[in-house]
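A.B. asks: Questions regarding the structure given below will be posed in turn.
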Amino acid sequence: MADLPPPVQGPTAKEKKYDRQLRLWGATGQAALENAHILLINSGPGVVGLETLKNLVLPGIGKFTIQDSAIVSEADLGVNFFLEEQQLGRFRAEATSSLLKELNPDVEGYFVTEPVESFLTRPDSLMPYTLILVTAPIRPELLSQLSAHADASLIPLLYIHSVGFYSHFSIHLPPAFPVVDTHPDPETTGDLRLLKPWQDLLEYATAKTKGMEAMGAEDHGHVPYIALLLHYLEKWKQEHGGEPPKEYKEKTAFRDILSKAARTDNPEGGEENFDEAVAAVLKSLNSPEPSSAVKDIFKRKESLALSAESASFWVIANAIGLFYAKYGVLPLPGSVPDMKARSADYIELQNVYKSKARKDLAEVVENVRFIERSSNRPTTIEEKDIEAFCKNAAHIKLIEGRPFHVVEAGQPIKWGDKAKWMAQNLASLFPDYLLPLYIAFLAWDEFAATHDKDGLGGAPKVPGETDQQFDSEKTTGIALKILDDLVKDAKASLDEDELSTVRTQTSDFVQELVRAGGAELHNISALTGGLISQEVIKIITEQYIPVDNTCIFDGIRSKTAVIQV
Amino acid sequence: MAEGTATTLENGIAVSRARWKYLDNILNRSGPFTDPDSFEPGETIAESLARAKVLVIGAGGLGCEILKNLALSGFKDIHVIDMDTIDVSNLNRQFLFRQADVGSYKADVAAKFVEKRVKGVKITPYCGKIQDKDEEYYMQFAMVVCGLDSIEARRWINATLVGMVDEENPDSMKPLVDGGTEGFKGQARVIFPTMTSCIECQLDMHAPRAAVPLCTLATIPRQPQHCIEWAHIIAWDEERKDITLDTDDPEHITWLYQKALKRAQEFNISGVTYSMTQGVVKNIIPAIASTNAIVAASCCNEAFKIATNTNPFLGYPGTDNYMMYTGDESIYTYTFEHQKKADCPVCNPDALARPLTVSTALTLQEFRDTLAEKPELQLKKTSIRSEAKTLYYVQPASLEEQTRHNLDKKLSELVEDGEEVAITDPAFPTLVFKYKLTFN
Ligand SMILES: [Zn+2]
């Protein structure tokens with residue numbers, strides 16, 4: 001009995017538990033999470049790192065390890081949810097790790113109580129981890145060491161502050177971090193190729209619009225809008241020397257033709273398929289030119305100079321680059337939005353798009369196989385990976401990871417090619433970038449780098465722990481020096497008013513940071529842990545688009561800013 | 001407060017003030033943005049925080065986070081309302097629940113867990129509906145923090161809190177902090193009833209998804225979702241009308257899935273899966289721990305600032321009151337002041353009727369269907385009366401029966417051009433939505 005549906009494969013226990021997230025990142029994203037091992041190097045009150053891990057343990061990260069040499073104190077119990085009264089006096093790493101593990105029996109949790117200084121001196125101590133989170137304060141030489149490891153091993157590293165009402169994190173990604181599955185908004189990113197139709201599509205449109213004037217109301221109201229657009233485009237081209245409507249004015253004129261073509265002598269006073277055609281004019285009548293960011297990917301050295309070891313991303317990028325060079329368009333994605341149409345007509349249209357997409361894919365696959373042979377690649381790239389790339393080729397994203405600033409005592413910040421942008425935006429006094437707050441965090445780090453709790457070079461002392469007034473002045477001084485150095489570095493000239501406003505903003509942010517005296521507020525750490533865990537998920541699953549490369553949160557005005565440093 | 005001083009609380013648990021060392025840095029120190037007129041650093045703030053009674057509505061994804069955050073922000077007297085029990089699909093984000101808790105009431109389990117973890121906090125659960133409680137109950141709270149997935153419940157509590165405001169009594173104004181999430185997106189907003197824009201003013205920011213027309217489901221399905229909706233809305237009633245559909249019953253979902261799959265095959269449509277069937281039928285919204293953490297913490301951060309004045313908060317009249325969050329493409333927030341609407345039926349019950357143009361072809365029932373989808377209305381069980389007569393009443397049953405025959409009549413036969421209609425819905429018993437109808 002051929003028409004009986006196959007037996008139901010009900011969801012597994014795991015699919016049931018993770019149902020709400022699998023709808024976002026699917027089984028491949030979930031598998032990537034389950035293969036990850038995250039290291040948290042914890043310090044300070046230690047809340048933000050744990051709140052981050054909480055949001056990774058819940059969706060089922062494979063393993064986590066907490067490095068923390070602190071002992072659970074009374075103050076920890078007032079701010080950290082993953083500690084209990086009876087754990088007072090025990091190692092914080094052990095206590096927090098065991099309470100986090102309770103959240104999800106699928107996750108393995110480990111801890112290291114050895115001080116970070118000696119932990120990092122052991123060779124290979126960082127080897128097991130696929131991503132590292134490190135919270136401030138930390139000695140600059142240790143942070144540099146981690147940064148060097150991130151560089152050498154291509155392991156993502158995140159550096160995190162949560163101080164009073166403010167927080168910050170910077171992400172150090174590998175120099176080329178490509179994302180294929182960016183999940184673009186389907187509403188705004190469809191590619192229907194109406195200005196570059198192929199033979200089968202034109203034939204479809206001709207067949208569906210044949211004798212349209214004589215059609216009955218039902219038939220006329222069910223001509224798929226893509227066929228309508230192509231039909232009227234052909235007419236337009238005949239009257240305009242073969243050219244489609246290009247300028248905005250021409251497009252609105254074309255739109256008027258479509259609206260007038262709809263029949264209005266019916267109870268609804270119009271036709272839905274024509275409404276859809278009218279609505280699609282401005283959105284869909286664009287030449288399918290890829291963005292310059294995508295074209296740049298084809299031209300990058302990783303894509304052009306392929307070797308047997310090249311990542312599959314670059315092999316496919318090269319193959320699609322060849323396709324683009326030949327046809328001037330990307331492979332067709334092949335999806336069609338829903339529209340008013342009869343079932344059979346719509347399915348037929350879907351098949352026209354799907355078979356073209358399959359044809360394009362076959363050509364890209366052929367290119368890939370050719371590259372594989374000529375570069376002696378030991379393994380073949382799976383066709384489903386090539387297909388995913390073709391489907392989303394217009395929206396692939398390449399993030400060029402870079403190290404973040406590590407503040408060294410007495411050393412000026414190296415702003416590099418970002419100095420100009422920073423100085424210009426400081427001068428514009430546009431508050432939404434929160435640049436003065438970023439500078440305040442750098443000053444906070446420099447204070448911590450030059451002070452320690454016991455005067456013996458042990459744990460860093462952060463501003464405001466004991467003397468709010470004194471530390472405020474000192475840290476403000478550091479911040480204003482960083483600001484002046486930046487302005488000099490950028491060879492920017494800020495006028496007196498601009499400079500004095502930026503100085504006031506910076507010193508206000510410093511004072512608010514120092515007020516906290518190194519305290520984390522649970523809300524700010526929970527919020528920041530939410531942001532960071534989301535970025536970690538995006539990085540590990542290689543889906544959606546991660547922050548590039550620094551995010552700042554202002555919990556007083558409830559605003560975030562993302563900047564590149 | 002000196003370190004090491006033990007405070008004995010109502011429930012007899014002694015907790016050293018040293019525990020609040022970090023929080024006290026903020027409570028005991030001024031900052032560059034604190035308002036000296038409203039913020040006097042010192043121990044009275046910690047005391048008033050401990051005394052402030054806060055109501056949390058919802059103990060789900062947002063609610064679990066909110067309870068934890070408020071307890072670790074120094075609030076000591078927290079109440080929580082939730083009518084739901086724990087499902088296994090909650091465990092990927094609702095971190096106060098374990099496998100063994102599945103089936104228990106969320107409010108109960110959440111309250112016990114946080115009380116046990118954060119010593120000195122008292123959490124009073126109520127396992128039921130917000131509609132069970134009256135004004136007197138809501139009057140006892142200093143503020144309400146809402147983490148709900150239902151628009152209807154939000155609108156109800158919003159209308160209730162706005163309606164409670166008595167100009168003679170400043171204590172009758174209860175700030176409402178509300179959060180909501182969907183996948184990587186969310187929002188946090190603060191409402192000072194009668195002073196700022198309210199949830200009803202902001203309703204059109206969350207437009208409902210347009211329903212697929214019935215004729216598409218019945219005759220020309222094109223998408224796998226159309227086949228599932230057909231099984232759900234049409235096939236079930238035709239073949240199993242004696243059985244009440246329970247979307248949590250796997251046998252029921254399986255039946256719908258198989259029906260939908262068969263129909264899809266008849267029309268050559270691919271893509272019907274069990275998971276999609278479940279998603280469509282239960283209207284499942286993707287949800288993750290990260291977004292809940294962000295939105296809940298933003299709400300609690302505002303609640304904390306409102307309760308302590310330790311820094312300016314959202315919702316102060318004339319300033320930003322709404323933070324929109326998007327996290328799928330980098331991180332983006334938009335924080336702005338949503339303006340109060342002059343014709344909001346909650347903020348201004350005496351507002352003039354809103355103008356509305358309708359087609360003469362519409363029947364009364366079709367008109368009611370449009371009311372469910374109108375972004376600023378979203379009413380599903382509407383009763384309608386014109387200036388002259390009752391057109392349709394959903395209840396009581398006798399009146400429903402008397403007016404049912406009007407549903408198939410053309411609206412233009414029942415109402416004069418330019419006439420006002422009053423629309424009500426039993427979900428919001430205190431509200432009347434007035435429209436002045438013009439026919440085209
Ligand atoms: Zn309102």
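Letters A, B, ... go to the chains of the structure tokens in the order shown; residues in each chain start at 1; ligands are counted from 1 in the same order.
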Kindly work out which residues sit at most 12 Å from ligand 1, using only C-alpha atoms and all ligand atoms, and give the list as a PyMOL selection string.
C.D. replies: chain B and resi 155+158-163+191-204+338-349+351+376+431
A.B. asks: Could you please take those selected residues and save N, CA, C and O atoms as a short mmCIF file (atom, residue, chain, number, x, y, z; two decimals), in the first residue's frame?
C.D. replies:
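For reference, out13.cif as written:
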data_model
loop_
_atom_site.label_atom_id
_atom_site.label_comp_id
_atom_site.auth_asym_id
_atom_site.auth_seq_id
_atom_site.Cartn_x
_atom_site.Cartn_y
_atom_site.Cartn_z
N ARG B 155 -1.73 41.77 29.20
CA ARG B 155 -2.71 42.83 29.02
C ARG B 155 -3.63 42.91 30.23
O ARG B 155 -4.04 43.99 30.64
N ASN B 158 -1.75 44.50 33.15
CA ASN B 158 -1.54 45.91 32.81
C ASN B 158 -2.82 46.71 33.05
O ASN B 158 -2.80 47.75 33.74
N ALA B 159 -3.94 46.19 32.54
CA ALA B 159 -5.20 46.91 32.71
C ALA B 159 -5.57 47.00 34.19
O ALA B 159 -6.06 48.03 34.66
N THR B 160 -5.30 45.92 34.91
CA THR B 160 -5.61 45.91 36.34
C THR B 160 -4.79 46.96 37.08
O THR B 160 -5.32 47.74 37.87
N LEU B 161 -3.47 46.99 36.81
CA LEU B 161 -2.61 47.93 37.54
C LEU B 161 -2.92 49.38 37.17
O LEU B 161 -2.89 50.26 38.03
N VAL B 162 -3.22 49.64 35.89
CA VAL B 162 -3.56 51.01 35.51
C VAL B 162 -4.88 51.40 36.17
O VAL B 162 -5.01 52.51 36.69
N GLY B 163 -5.83 50.45 36.17
CA GLY B 163 -7.13 50.72 36.76
C GLY B 163 -7.07 50.97 38.26
O GLY B 163 -7.94 51.62 38.83
N ILE B 191 6.79 50.12 33.01
CA ILE B 191 5.56 50.89 32.90
C ILE B 191 5.23 51.49 34.27
O ILE B 191 5.18 50.76 35.26
N PHE B 192 5.07 52.79 34.30
CA PHE B 192 4.54 53.43 35.49
C PHE B 192 3.09 53.75 35.18
O PHE B 192 2.81 54.71 34.45
N PRO B 193 2.17 52.92 35.68
CA PRO B 193 0.77 53.03 35.26
C PRO B 193 0.26 54.47 35.34
O PRO B 193 0.51 55.16 36.34
N THR B 194 -0.41 54.88 34.30
CA THR B 194 -0.97 56.22 34.06
C THR B 194 0.08 57.28 33.74
O THR B 194 -0.24 58.31 33.17
N MET B 195 1.36 57.04 34.11
CA MET B 195 2.37 58.07 33.86
C MET B 195 3.11 57.83 32.54
O MET B 195 3.52 58.76 31.87
N THR B 196 3.33 56.56 32.21
CA THR B 196 4.05 56.26 30.96
C THR B 196 3.13 55.47 30.04
O THR B 196 2.06 55.04 30.42
N SER B 197 3.63 55.27 28.83
CA SER B 197 2.97 54.37 27.88
C SER B 197 2.78 53.01 28.55
O SER B 197 3.62 52.58 29.34
N CYS B 198 1.66 52.34 28.25
CA CYS B 198 1.40 51.06 28.91
C CYS B 198 1.46 49.91 27.90
O CYS B 198 1.68 50.13 26.71
N ILE B 199 1.25 48.69 28.36
CA ILE B 199 1.35 47.52 27.47
C ILE B 199 0.31 47.58 26.36
O ILE B 199 0.57 47.20 25.24
N GLU B 200 -0.86 48.11 26.68
CA GLU B 200 -1.90 48.24 25.66
C GLU B 200 -1.49 49.29 24.60
O GLU B 200 -1.71 49.08 23.42
N CYS B 201 -0.84 50.37 25.04
CA CYS B 201 -0.33 51.38 24.10
C CYS B 201 0.67 50.74 23.14
O CYS B 201 0.82 51.16 22.00
N GLN B 202 1.42 49.73 23.65
CA GLN B 202 2.53 49.15 22.88
C GLN B 202 2.13 47.88 22.14
O GLN B 202 2.96 47.22 21.54
N LEU B 203 0.82 47.56 22.18
CA LEU B 203 0.38 46.26 21.68
C LEU B 203 0.76 46.04 20.22
O LEU B 203 1.14 44.92 19.83
N ASP B 204 0.69 47.08 19.40
CA ASP B 204 0.94 46.88 17.97
C ASP B 204 2.41 46.61 17.66
O ASP B 204 2.77 46.33 16.53
N HIS B 338 8.86 54.89 24.49
CA HIS B 338 7.62 54.62 23.78
C HIS B 338 6.58 55.61 24.30
O HIS B 338 6.36 55.72 25.51
N GLN B 339 5.92 56.30 23.36
CA GLN B 339 4.99 57.35 23.77
C GLN B 339 3.62 56.77 24.09
O GLN B 339 3.15 55.86 23.41
N LYS B 340 3.02 57.32 25.11
CA LYS B 340 1.65 56.96 25.48
C LYS B 340 0.71 57.31 24.32
O LYS B 340 0.90 58.33 23.66
N LYS B 341 -0.28 56.45 24.09
CA LYS B 341 -1.21 56.72 22.99
C LYS B 341 -2.48 57.39 23.51
O LYS B 341 -3.09 56.92 24.48
N ALA B 342 -2.88 58.46 22.83
CA ALA B 342 -4.05 59.23 23.29
C ALA B 342 -5.32 58.38 23.23
O ALA B 342 -6.22 58.55 24.05
N ASP B 343 -5.37 57.44 22.28
CA ASP B 343 -6.60 56.66 22.15
C ASP B 343 -6.48 55.27 22.80
O ASP B 343 -7.24 54.37 22.48
N CYS B 344 -5.53 55.11 23.73
CA CYS B 344 -5.38 53.82 24.41
C CYS B 344 -6.57 53.59 25.33
O CYS B 344 -6.84 54.40 26.22
N PRO B 345 -7.29 52.49 25.13
CA PRO B 345 -8.48 52.27 25.95
C PRO B 345 -8.16 51.99 27.43
O PRO B 345 -9.05 52.09 28.27
N VAL B 346 -6.90 51.64 27.74
CA VAL B 346 -6.52 51.41 29.13
C VAL B 346 -6.14 52.73 29.79
O VAL B 346 -6.63 53.08 30.86
N CYS B 347 -5.23 53.49 29.12
CA CYS B 347 -4.78 54.75 29.70
C CYS B 347 -5.89 55.79 29.72
O CYS B 347 -5.91 56.67 30.57
N ASN B 348 -6.79 55.68 28.74
CA ASN B 348 -7.80 56.71 28.60
C ASN B 348 -9.15 56.10 28.23
O ASN B 348 -9.53 56.08 27.06
N PRO B 349 -9.89 55.62 29.24
CA PRO B 349 -11.17 54.94 28.95
C PRO B 349 -12.18 55.86 28.27
O PRO B 349 -13.10 55.38 27.62
N ALA B 351 -11.48 57.89 25.87
CA ALA B 351 -10.95 58.31 24.57
C ALA B 351 -12.02 58.19 23.50
O ALA B 351 -12.93 57.36 23.59
N GLU B 376 -3.35 46.21 16.98
CA GLU B 376 -3.63 47.01 18.17
C GLU B 376 -4.83 46.48 18.95
O GLU B 376 -5.24 47.08 19.92
N LEU B 431 -12.43 46.48 29.95
CA LEU B 431 -12.10 47.31 28.80
C LEU B 431 -13.18 47.34 27.73
O LEU B 431 -13.82 46.34 27.46
#
A.B. asks: Using DSSP secondary structure from the backbone, list all helix (DSSP H, G or I) positions within region 290-351 of chain B, as a ChimeraX atom specification.
C.D. replies: /B:290-308
A.B. asks: With only C-alpha atoms considered, list every residue of chain A at most 7 Å from chain B, as an MDAnalysis selection string.
C.D. replies: chainID A and resid 5 8 10 16:21 23:24 55 58:59 74:79 84 103 267 342:343 346 508 511:512 515:517 519:524 526:527 530:531 533:534 544:547 556 558:560 562
A.B. asks: Those selected residues, please, written with N, CA and C atoms and delivered as a compact mmCIF listing (two decimals), in the first residue's frame.
C.D. replies:
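Final output, again-v9.txt:
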# COMPACT_ATOMS: atom_id res chain seq x y z
N PRO A 5 1.36 6.46 5.06
CA PRO A 5 2.56 7.16 5.56
C PRO A 5 3.46 6.19 6.33
N VAL A 8 5.60 6.41 12.47
CA VAL A 8 6.06 7.66 13.08
C VAL A 8 7.33 7.43 13.89
N GLY A 10 8.70 9.04 16.68
CA GLY A 10 8.46 10.06 17.71
C GLY A 10 9.79 10.64 18.16
N LYS A 16 13.18 15.78 22.96
CA LYS A 16 12.13 16.40 23.76
C LYS A 16 12.71 17.47 24.67
N LYS A 17 13.81 17.12 25.34
CA LYS A 17 14.40 18.05 26.30
C LYS A 17 14.91 19.30 25.58
N TYR A 18 15.53 19.11 24.42
CA TYR A 18 16.15 20.25 23.73
C TYR A 18 15.28 20.83 22.63
N ASP A 19 13.99 20.45 22.60
CA ASP A 19 13.11 20.86 21.50
C ASP A 19 13.18 22.36 21.18
N ARG A 20 13.09 23.20 22.22
CA ARG A 20 12.98 24.65 21.98
C ARG A 20 14.24 25.26 21.39
N GLN A 21 15.40 24.61 21.59
CA GLN A 21 16.64 25.16 21.02
C GLN A 21 16.97 24.51 19.69
N ARG A 23 15.05 23.98 17.46
CA ARG A 23 14.36 24.77 16.44
C ARG A 23 15.19 25.96 16.01
N LEU A 24 16.23 26.31 16.76
CA LEU A 24 17.11 27.41 16.36
C LEU A 24 18.38 26.92 15.67
N ASN A 55 24.22 29.05 31.26
CA ASN A 55 23.47 29.08 29.99
C ASN A 55 24.09 28.20 28.92
N LEU A 58 22.91 24.26 30.48
CA LEU A 58 21.49 23.97 30.23
C LEU A 58 21.26 23.44 28.81
N PRO A 59 21.76 24.11 27.77
CA PRO A 59 21.53 23.56 26.42
C PRO A 59 22.44 22.38 26.07
N GLU A 74 31.92 34.29 52.77
CA GLU A 74 30.57 34.76 53.09
C GLU A 74 30.04 35.67 51.96
N ALA A 75 30.90 36.56 51.44
CA ALA A 75 30.45 37.51 50.42
C ALA A 75 30.04 36.80 49.12
N ASP A 76 30.67 35.66 48.84
CA ASP A 76 30.30 34.92 47.64
C ASP A 76 28.83 34.49 47.68
N LEU A 77 28.37 34.14 48.90
CA LEU A 77 27.01 33.62 49.03
C LEU A 77 25.94 34.67 48.74
N GLY A 78 26.32 35.94 48.83
CA GLY A 78 25.35 37.01 48.57
C GLY A 78 25.25 37.41 47.11
N VAL A 79 26.07 36.80 46.27
CA VAL A 79 26.06 37.27 44.87
C VAL A 79 26.08 36.11 43.88
N GLU A 84 26.49 27.10 48.06
CA GLU A 84 25.59 26.89 49.20
C GLU A 84 26.34 27.13 50.49
N LEU A 103 22.55 20.92 36.91
CA LEU A 103 21.58 21.47 35.97
C LEU A 103 21.33 20.55 34.79
N PRO A 267 -16.18 40.89 -5.36
CA PRO A 267 -16.60 41.34 -4.01
C PRO A 267 -15.43 41.86 -3.18
N ARG A 342 -2.60 27.99 -6.94
CA ARG A 342 -3.12 26.63 -6.80
C ARG A 342 -1.96 25.73 -6.41
N SER A 343 -2.29 24.65 -5.69
CA SER A 343 -1.23 23.76 -5.21
C SER A 343 -0.31 23.30 -6.34
N TYR A 346 1.95 25.96 -7.80
CA TYR A 346 3.01 26.36 -6.86
C TYR A 346 4.10 25.29 -6.81
N ASP A 508 33.29 60.23 34.47
CA ASP A 508 32.05 59.73 35.10
C ASP A 508 32.01 58.20 35.09
N GLN A 511 34.42 56.85 37.64
CA GLN A 511 33.92 56.98 39.02
C GLN A 511 32.87 55.92 39.34
N GLU A 512 32.00 55.65 38.36
CA GLU A 512 30.96 54.65 38.60
C GLU A 512 31.59 53.26 38.74
N ARG A 515 33.20 53.13 42.16
CA ARG A 515 32.16 53.03 43.20
C ARG A 515 31.91 51.56 43.56
N ALA A 516 31.91 50.69 42.53
CA ALA A 516 31.61 49.28 42.77
C ALA A 516 32.71 48.61 43.59
N GLY A 517 33.91 49.15 43.57
CA GLY A 517 35.00 48.55 44.35
C GLY A 517 35.21 47.09 44.02
N ALA A 519 32.95 45.07 43.01
CA ALA A 519 31.74 44.27 43.23
C ALA A 519 31.08 43.94 41.90
N GLU A 520 30.57 42.73 41.80
CA GLU A 520 29.66 42.40 40.71
C GLU A 520 28.25 42.56 41.25
N LEU A 521 27.37 43.13 40.44
CA LEU A 521 25.96 43.11 40.76
C LEU A 521 25.38 41.88 40.08
N HIS A 522 24.60 41.10 40.80
CA HIS A 522 24.15 39.85 40.21
C HIS A 522 23.40 40.06 38.89
N ASN A 523 22.55 41.09 38.84
CA ASN A 523 21.78 41.33 37.61
C ASN A 523 22.68 41.59 36.42
N ILE A 524 23.69 42.43 36.63
CA ILE A 524 24.56 42.79 35.50
C ILE A 524 25.36 41.57 35.06
N ALA A 526 24.39 38.44 35.42
CA ALA A 526 23.46 37.50 34.79
C ALA A 526 23.18 37.92 33.36
N LEU A 527 22.98 39.21 33.17
CA LEU A 527 22.72 39.72 31.83
C LEU A 527 23.93 39.51 30.92
N GLY A 530 24.38 36.05 29.95
CA GLY A 530 23.45 35.73 28.87
C GLY A 530 24.05 36.11 27.52
N LEU A 531 24.59 37.32 27.43
CA LEU A 531 25.18 37.79 26.18
C LEU A 531 26.34 36.89 25.77
N SER A 533 27.17 33.80 26.74
CA SER A 533 26.81 32.42 26.39
C SER A 533 26.22 32.36 24.99
N GLN A 534 25.44 33.36 24.64
CA GLN A 534 24.87 33.42 23.30
C GLN A 534 25.99 33.50 22.25
N TYR A 544 24.59 31.74 12.91
CA TYR A 544 24.30 33.13 13.27
C TYR A 544 25.62 33.94 13.23
N ILE A 545 25.57 35.22 13.58
CA ILE A 545 26.76 36.05 13.40
C ILE A 545 27.26 36.56 14.74
N PRO A 546 28.48 36.16 15.14
CA PRO A 546 28.98 36.60 16.44
C PRO A 546 29.42 38.07 16.45
N VAL A 547 29.58 38.59 17.66
CA VAL A 547 30.06 39.95 17.86
C VAL A 547 31.50 40.07 17.35
N ILE A 556 23.09 51.38 33.42
CA ILE A 556 22.38 52.54 33.93
C ILE A 556 21.39 53.02 32.88
N SER A 558 20.76 51.14 30.17
CA SER A 558 20.26 49.94 29.52
C SER A 558 20.53 49.94 28.01
N LYS A 559 21.80 50.09 27.67
CA LYS A 559 22.21 50.10 26.26
C LYS A 559 23.44 49.23 26.06
N THR A 560 23.52 48.62 24.88
CA THR A 560 24.75 47.92 24.53
C THR A 560 25.40 48.63 23.35
N VAL A 562 28.51 47.66 20.24
CA VAL A 562 29.50 46.73 19.71
C VAL A 562 30.51 47.53 18.91
A.B. asks: One decimal, in Å: what's the spacing between CA of Lys538 (chain A) and CA of Ile386 (chain A)?
C.D. replies: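 Distance between the two atoms: 20.5 Å.
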A.B. asks: Please provide as a ChimeraX atom specification all residues within 6 Å of Ser170 (chain A), with the sequence filter that same-chain residues fewer than 4 positions apart are discarded (counting only C-alpha atoms).
C.D. replies: /A:158-159,549-550
A.B. asks: Go ahead and save the picked residues with all heavy atoms, as a compact mmCIF listing (two decimals), in the first residue's frame.
C.D. replies:
# COMPACT_ATOMS: atom_id res chain seq x y z
N LEU A 158 37.67 34.63 25.17
CA LEU A 158 36.81 35.76 25.54
C LEU A 158 37.28 36.35 26.86
O LEU A 158 37.46 35.62 27.85
CB LEU A 158 35.34 35.33 25.67
CG LEU A 158 34.62 35.03 24.35
CD1 LEU A 158 34.88 33.62 23.87
CD2 LEU A 158 33.12 35.27 24.49
N TYR A 159 37.46 37.66 26.88
CA TYR A 159 37.92 38.37 28.07
C TYR A 159 36.77 39.23 28.60
O TYR A 159 36.18 40.00 27.85
CB TYR A 159 39.13 39.22 27.72
CG TYR A 159 39.66 40.05 28.86
CD1 TYR A 159 39.89 39.49 30.12
CD2 TYR A 159 39.96 41.40 28.67
CE1 TYR A 159 40.38 40.26 31.16
CE2 TYR A 159 40.46 42.17 29.71
CZ TYR A 159 40.66 41.60 30.95
OH TYR A 159 41.15 42.36 31.99
N ASN A 549 34.40 42.90 17.60
CA ASN A 549 34.88 41.89 18.49
C ASN A 549 34.66 42.25 19.97
O ASN A 549 35.05 41.49 20.85
CB ASN A 549 36.38 41.66 18.22
CG ASN A 549 37.22 42.93 18.46
OD1 ASN A 549 36.70 44.01 18.80
ND2 ASN A 549 38.51 42.82 18.31
N THR A 550 34.05 43.45 20.21
CA THR A 550 33.91 43.91 21.60
C THR A 550 32.50 44.41 21.86
O THR A 550 31.94 45.15 21.04
CB THR A 550 34.93 45.03 21.88
OG1 THR A 550 36.23 44.45 21.84
CG2 THR A 550 34.70 45.69 23.22
A.B. asks: As a PyMOL selection string, please: the residues near region 231-233 of chain B (cut-off 12 Å, only C-alpha atoms, same-chain neighbours under 2 positions excluded).
C.D. replies: chain B and resi 211-215+217-218+221+224-229+235-241+244-247+252-264+272+277-283
A.B. asks: With only C-alpha atoms as the counted atoms, please give the residues lying no more than 8 Å from Val48 (chain A), apart from itself and same-chain residues fewer than 5 positions off, as a list of chain:residue names.
C.D. replies: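 Everything that qualifies: A:Thr135, A:Ser162, A:Glu520, A:Ser525, A:Ala526, A:Thr528, A:Gly529.
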A.B. asks: With distances taken over only C-alpha atoms, which of A:Ala427, A:Leu349, A:Ile537, A:Leu229 is nearest to Gln505 (chain A)?
C.D. replies: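 Once distances to Gln505 (chain A) are computed over only C-alpha atoms, the minimum belongs to A:Ala427.
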A.B. asks: Please provide the set of residues having any atom within 12 Å of Leu230 (chain A), restricted to only C-alpha atoms, with same-chain residues fewer than 5 positions apart removed, written as a ChimeraX atom specification.
C.D. replies: /A:192-199,201-209,223-225,235-237,244,254,258,277,280-281,284-285
A.B. asks: Quick one: residues within 10 Å of region 306-312 of chain A, only C-alpha atoms, excluding same-chain residues fewer than 5 positions away - as a list in words?
C.D. replies: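 Counting only the stated atoms, we get Lys301, Ala317, Asn318, Val368, Ile371, Glu372, Arg373, Ser374, Ser375, Asn376, Arg377, Pro378, Thr379, Thr380, Ile381, Glu382, Asp385 and Ile386 of chain A.
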A.B. asks: With only C-alpha atoms as the basis for distance, which of B:Ile81, B:Leu176, B:Ile86, B:Val432 is at the shortest distance from Val144 (chain B)?
C.D. replies: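 Checking each candidate against Val144 (chain B), we get B:Leu176 as the closest.
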